[in-house]
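Have a look at the structure below, then the notes.
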Amino acid sequence: MKGKKKYIIISVVGIMIVLGVIASMNKPEVEETIGGYKEGPRVQVEKIKKDNIEAKISSSGKLKAVDSQTVYLDASNKIITINKEVGDTVKQGEVILVLDQEAELSSQKNLEALEAQLVAAKESLNQLLGAASKGDILSAQATLTQLKNNRKDTETSITNKKVDLSNLEKDLKQAETDLKVNEELFEAGALSQKDLDDSKDKVTTLKQNIDQMKTAIISLESSLKQMDLQIETAQYNLDLLNNKVEDSNKKQQIASAEGQIKSLESQIYTAKNNLQNTSTSVVAPINGVITYLPEEEGMPVTAGSKILTIVDPSKLEVTCDISPYYAADLRVGLDAVIKYTGSKTIEVAGKVAKVAAVADVKQSSSGETVSLPVKVEVTQPGEVIKPGFSVDVKIITDTRTDVCVAPILAVMEDDDKNYYVYVVAEDGIISRKDVKQGLSNGLYTEIEGVQEGELVVSNPADYLAEGTKVSYEKLGDEQ
């Protein structure tokens, strides 16, 4: 038994010696990675460094084209030819659509009629102002005859169009009857889809033709009323020249004639503008990409209808909703970074182009939301980002270059509102240094009161105090 105890004691001593050797072999490697006081509270440290720092406001939005122009028709017309498609790139002045010439001819005839009325009105005024000559009387008679002939032609045209309208309505009634039959045949499988579509198209076309015919009749009937007034005026002027009416109201007649002339001159001015706007083609107003275009050739287009939209993808902007908290930091001209995240992340430069003068207030079920709209223009869009893309935006409100920066969490504040950091000496003892904060980006802050290269505690805890000995993992450049 004594021998066994001795053996056990010797074995235990041997194991302890081996463990001691292993510990002594590993200990230097561990200590080489530890800075400061080896047995103190473990803290994280970071060196004070010189760097550039930017304050940014983050937001997001959707890109849209700065320059976008839409063309509307000033007069009803019909599309004859479509030369381009949505998505095509076009140059300013390039012909996109070819329109029917009938509208232009109608505008031209209207202008000519107004100009003829103006000539007649001026002749009437001259007759009122001077003595009537045989030539004046003959001219007045010719004017009256011409007006009566024009009225007769218009009446004939109305009669003919009413006959045409009646025929169209009969055709429509028959076409609708045929359509019902064809729909039943189609349901029974006895008629093809194409034949059914043709039957529907026929009904649609007849309805359009009827609407156009009714519009034409209304226009002619309106012209007829104007002609009656013109004939009445011409008859009166002729009677005046022939002394068939008294001249007691001559002054009033002169004023009326002058008013008619002014009215006709105004109508002629409008008619000339309409004629100028009633072109036989639609051209690209700017360089860019087509985003809207009618789909079918031959379709009628009413006055005021949108017929073309072109955007310039080289000039982009994004409107961001910014919290009013940052209102004092925002101004036109601030630099910005626009980031698009797709298969690749693309960052492009931008500038604040506009800060709204009034906040945007929105009501929702969760309450009231107040934001400040800010427009950012993309200064270098490149080839990847396009209108409609959702992007992240960072507005750079301030910048400092080559200044001392520290982790924002390293800076503490005492009860007297003084800022300070804990600086770590080589032996691990920390000391408090009062500092001043400057610009911050949310992670780091500009700092005064410390030197570049000094170590500061980046995660200070409440239990730390002046003179505390701490340990920390050495930084990469210290190992």
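Residues are referred to by chain and number: the chain letter is A, B, ... according to the order shown in the structure tokens, the number counts from 1 in that chain, and ligands are numbered separately from 1 in the order shown.
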Could you list, as a ChimeraX atom specification, every residue within 10 Å of Thr401 (chain A), counting only C-alpha atoms and ignoring same-chain residues fewer than 3 positions away? /A:50-54,404,446
Restricted to C-alpha atoms, what would the selected residues look like written as a PDB file, in the first residue's frame?
ATOM      1  CA  LYS A  50      -7.664  61.358 -38.973  1.00  0.00           C
ATOM      2  CA  ASP A  51     -10.400  60.900 -41.551  1.00  0.00           C
ATOM      3  CA  ASN A  52     -13.074  62.621 -43.595  1.00  0.00           C
ATOM      4  CA  ILE A  53     -16.594  62.560 -42.200  1.00  0.00           C
ATOM      5  CA  GLU A  54     -19.935  63.313 -43.804  1.00  0.00           C
ATOM      6  CA  CYS A 404      -9.841  63.425 -35.657  1.00  0.00           C
ATOM      7  CA  GLU A 446     -15.591  64.580 -35.188  1.00  0.00           C
TER       8      GLU A 446
END
Identify, with DSSP run on backbone atoms, the residues in region 365-420 of chain A assigned to strand (DSSP E or B), and express the list as a ChimeraX atom specification. /A:367-378,390-407,412-413,419-420
Selected residues, C-alpha atoms, written as a PDB file, in the first residue's frame, please.
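Saved file again_10.pdb follows:
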ATOM      1  CA  GLY A 367     -52.508  58.921 -37.760  1.00  0.00           C
ATOM      2  CA  GLU A 368     -50.948  61.974 -39.355  1.00  0.00           C
ATOM      3  CA  THR A 369     -47.653  61.847 -41.240  1.00  0.00           C
ATOM      4  CA  VAL A 370     -45.701  65.035 -41.946  1.00  0.00           C
ATOM      5  CA  SER A 371     -42.805  65.130 -44.399  1.00  0.00           C
ATOM      6  CA  LEU A 372     -40.835  67.661 -46.407  1.00  0.00           C
ATOM      7  CA  PRO A 373     -40.623  66.859 -50.146  1.00  0.00           C
ATOM      8  CA  VAL A 374     -37.107  67.315 -51.527  1.00  0.00           C
ATOM      9  CA  LYS A 375     -36.287  67.011 -55.228  1.00  0.00           C
ATOM     10  CA  VAL A 376     -32.858  65.591 -56.123  1.00  0.00           C
ATOM     11  CA  GLU A 377     -31.576  65.754 -59.699  1.00  0.00           C
ATOM     12  CA  VAL A 378     -29.223  63.058 -60.987  1.00  0.00           C
ATOM     13  CA  SER A 390     -36.811  52.712 -57.021  1.00  0.00           C
ATOM     14  CA  VAL A 391     -33.607  54.084 -55.487  1.00  0.00           C
ATOM     15  CA  ASP A 392     -32.047  54.927 -52.129  1.00  0.00           C
ATOM     16  CA  VAL A 393     -30.906  58.518 -51.667  1.00  0.00           C
ATOM     17  CA  LYS A 394     -28.328  59.967 -49.301  1.00  0.00           C
ATOM     18  CA  ILE A 395     -28.156  63.754 -49.067  1.00  0.00           C
ATOM     19  CA  ILE A 396     -24.790  65.010 -47.788  1.00  0.00           C
ATOM     20  CA  THR A 397     -25.584  67.934 -45.500  1.00  0.00           C
ATOM     21  CA  ASP A 398     -22.049  68.663 -44.235  1.00  0.00           C
ATOM     22  CA  THR A 399     -18.444  67.465 -44.665  1.00  0.00           C
ATOM     23  CA  ARG A 400     -15.235  67.636 -42.621  1.00  0.00           C
ATOM     24  CA  THR A 401     -11.868  66.622 -44.065  1.00  0.00           C
ATOM     25  CA  ASP A 402      -8.763  65.338 -42.269  1.00  0.00           C
ATOM     26  CA  VAL A 403     -10.164  65.646 -38.744  1.00  0.00           C
ATOM     27  CA  CYS A 404      -9.841  63.425 -35.657  1.00  0.00           C
ATOM     28  CA  VAL A 405     -12.745  61.003 -35.428  1.00  0.00           C
ATOM     29  CA  ALA A 406     -13.854  58.563 -32.738  1.00  0.00           C
ATOM     30  CA  PRO A 407     -16.655  55.999 -32.468  1.00  0.00           C
ATOM     31  CA  MET A 412     -19.958  59.928 -22.891  1.00  0.00           C
ATOM     32  CA  GLU A 413     -21.793  62.808 -21.233  1.00  0.00           C
ATOM     33  CA  TYR A 419     -18.515  65.268 -23.146  1.00  0.00           C
ATOM     34  CA  TYR A 420     -15.551  62.994 -22.412  1.00  0.00           C
TER      35      TYR A 420
END
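Close contacts of Val311 (chain A), defined as residues with an atom at most 6 Å away when counting only C-alpha atoms, with chain neighbours fewer than 6 positions off set aside, comprise Asp67, Ser68, Gly288 and Val289 of chain A.
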What are the DSSP helix (DSSP H, G or I) residues of region 308-379 of chain A, as an MDAnalysis selection string? chainID A and resid 324:329
Would you save the residues from that selection as a compact mmCIF listing (two decimals), in the first residue's frame, using N, CA and C atoms?
# COMPACT_ATOMS: atom_id res chain seq x y z
N PRO A 324 -39.27 66.45 -41.13
CA PRO A 324 -39.08 67.87 -40.81
C PRO A 324 -37.96 68.11 -39.81
N TYR A 325 -37.53 67.06 -39.09
CA TYR A 325 -36.43 67.18 -38.13
C TYR A 325 -35.17 67.72 -38.81
N TYR A 326 -35.00 67.39 -40.10
CA TYR A 326 -33.79 67.79 -40.82
C TYR A 326 -33.99 69.07 -41.64
N ALA A 327 -35.09 69.78 -41.44
CA ALA A 327 -35.41 70.94 -42.28
C ALA A 327 -34.30 71.98 -42.28
N ALA A 328 -33.69 72.22 -41.12
CA ALA A 328 -32.65 73.24 -41.03
C ALA A 328 -31.37 72.84 -41.76
N ASP A 329 -31.20 71.55 -42.04
CA ASP A 329 -29.98 71.07 -42.70
C ASP A 329 -30.10 71.06 -44.22
Let me make sure I understand: among A:Ser305, A:Asn418, A:Ser431, A:Asn441, which one has the smallest atom-to-atom distance to Leu73 (chain A) if we use only C-alpha atoms? A:Ser305
Shortest contact to Glu466 (chain A), candidates A:Ile430, A:Asp136, A:Glu123, A:Val450, atoms counted only C-alpha atoms, goes to A:Ile430
For region 263-265 of chain A, list every protein, DNA or RNA residue within 12 Å, evaluated using only C-alpha atoms, and leave out those in the same chain fewer than 3 positions away; present the list as number ranges by chain. A: 110-122, 256-260, 268-272
Would you put the residues from that selection into a file with C-alpha atoms, as a PDB file, in the first residue's frame?
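Written file, out_18.pdb:
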ATOM      1  CA  ASN A 110     -63.436  78.046 -92.262  1.00  0.00           C
ATOM      2  CA  LEU A 111     -60.696  80.670 -92.411  1.00  0.00           C
ATOM      3  CA  GLU A 112     -61.559  81.590 -95.989  1.00  0.00           C
ATOM      4  CA  ALA A 113     -65.248  81.959 -95.082  1.00  0.00           C
ATOM      5  CA  LEU A 114     -64.424  84.263 -92.178  1.00  0.00           C
ATOM      6  CA  GLU A 115     -62.149  86.373 -94.349  1.00  0.00           C
ATOM      7  CA  ALA A 116     -64.947  86.730 -96.926  1.00  0.00           C
ATOM      8  CA  GLN A 117     -67.321  87.838 -94.174  1.00  0.00           C
ATOM      9  CA  LEU A 118     -64.768  90.402 -93.027  1.00  0.00           C
ATOM     10  CA  VAL A 119     -64.544  91.860 -96.529  1.00  0.00           C
ATOM     11  CA  ALA A 120     -68.341  92.092 -96.660  1.00  0.00           C
ATOM     12  CA  ALA A 121     -68.507  93.707 -93.216  1.00  0.00           C
ATOM     13  CA  LYS A 122     -65.943  96.335 -94.201  1.00  0.00           C
ATOM     14  CA  SER A 256     -72.657  97.751 -84.922  1.00  0.00           C
ATOM     15  CA  ALA A 257     -70.716  97.321 -88.157  1.00  0.00           C
ATOM     16  CA  GLU A 258     -67.471  98.236 -86.440  1.00  0.00           C
ATOM     17  CA  GLY A 259     -68.240  95.717 -83.685  1.00  0.00           C
ATOM     18  CA  GLN A 260     -68.906  93.023 -86.279  1.00  0.00           C
ATOM     19  CA  ILE A 268     -59.913  85.046 -88.014  1.00  0.00           C
ATOM     20  CA  TYR A 269     -57.023  85.268 -85.538  1.00  0.00           C
ATOM     21  CA  THR A 270     -58.332  82.161 -83.744  1.00  0.00           C
ATOM     22  CA  ALA A 271     -58.941  80.365 -87.035  1.00  0.00           C
ATOM     23  CA  LYS A 272     -55.373  81.048 -88.168  1.00  0.00           C
TER      24      LYS A 272
END
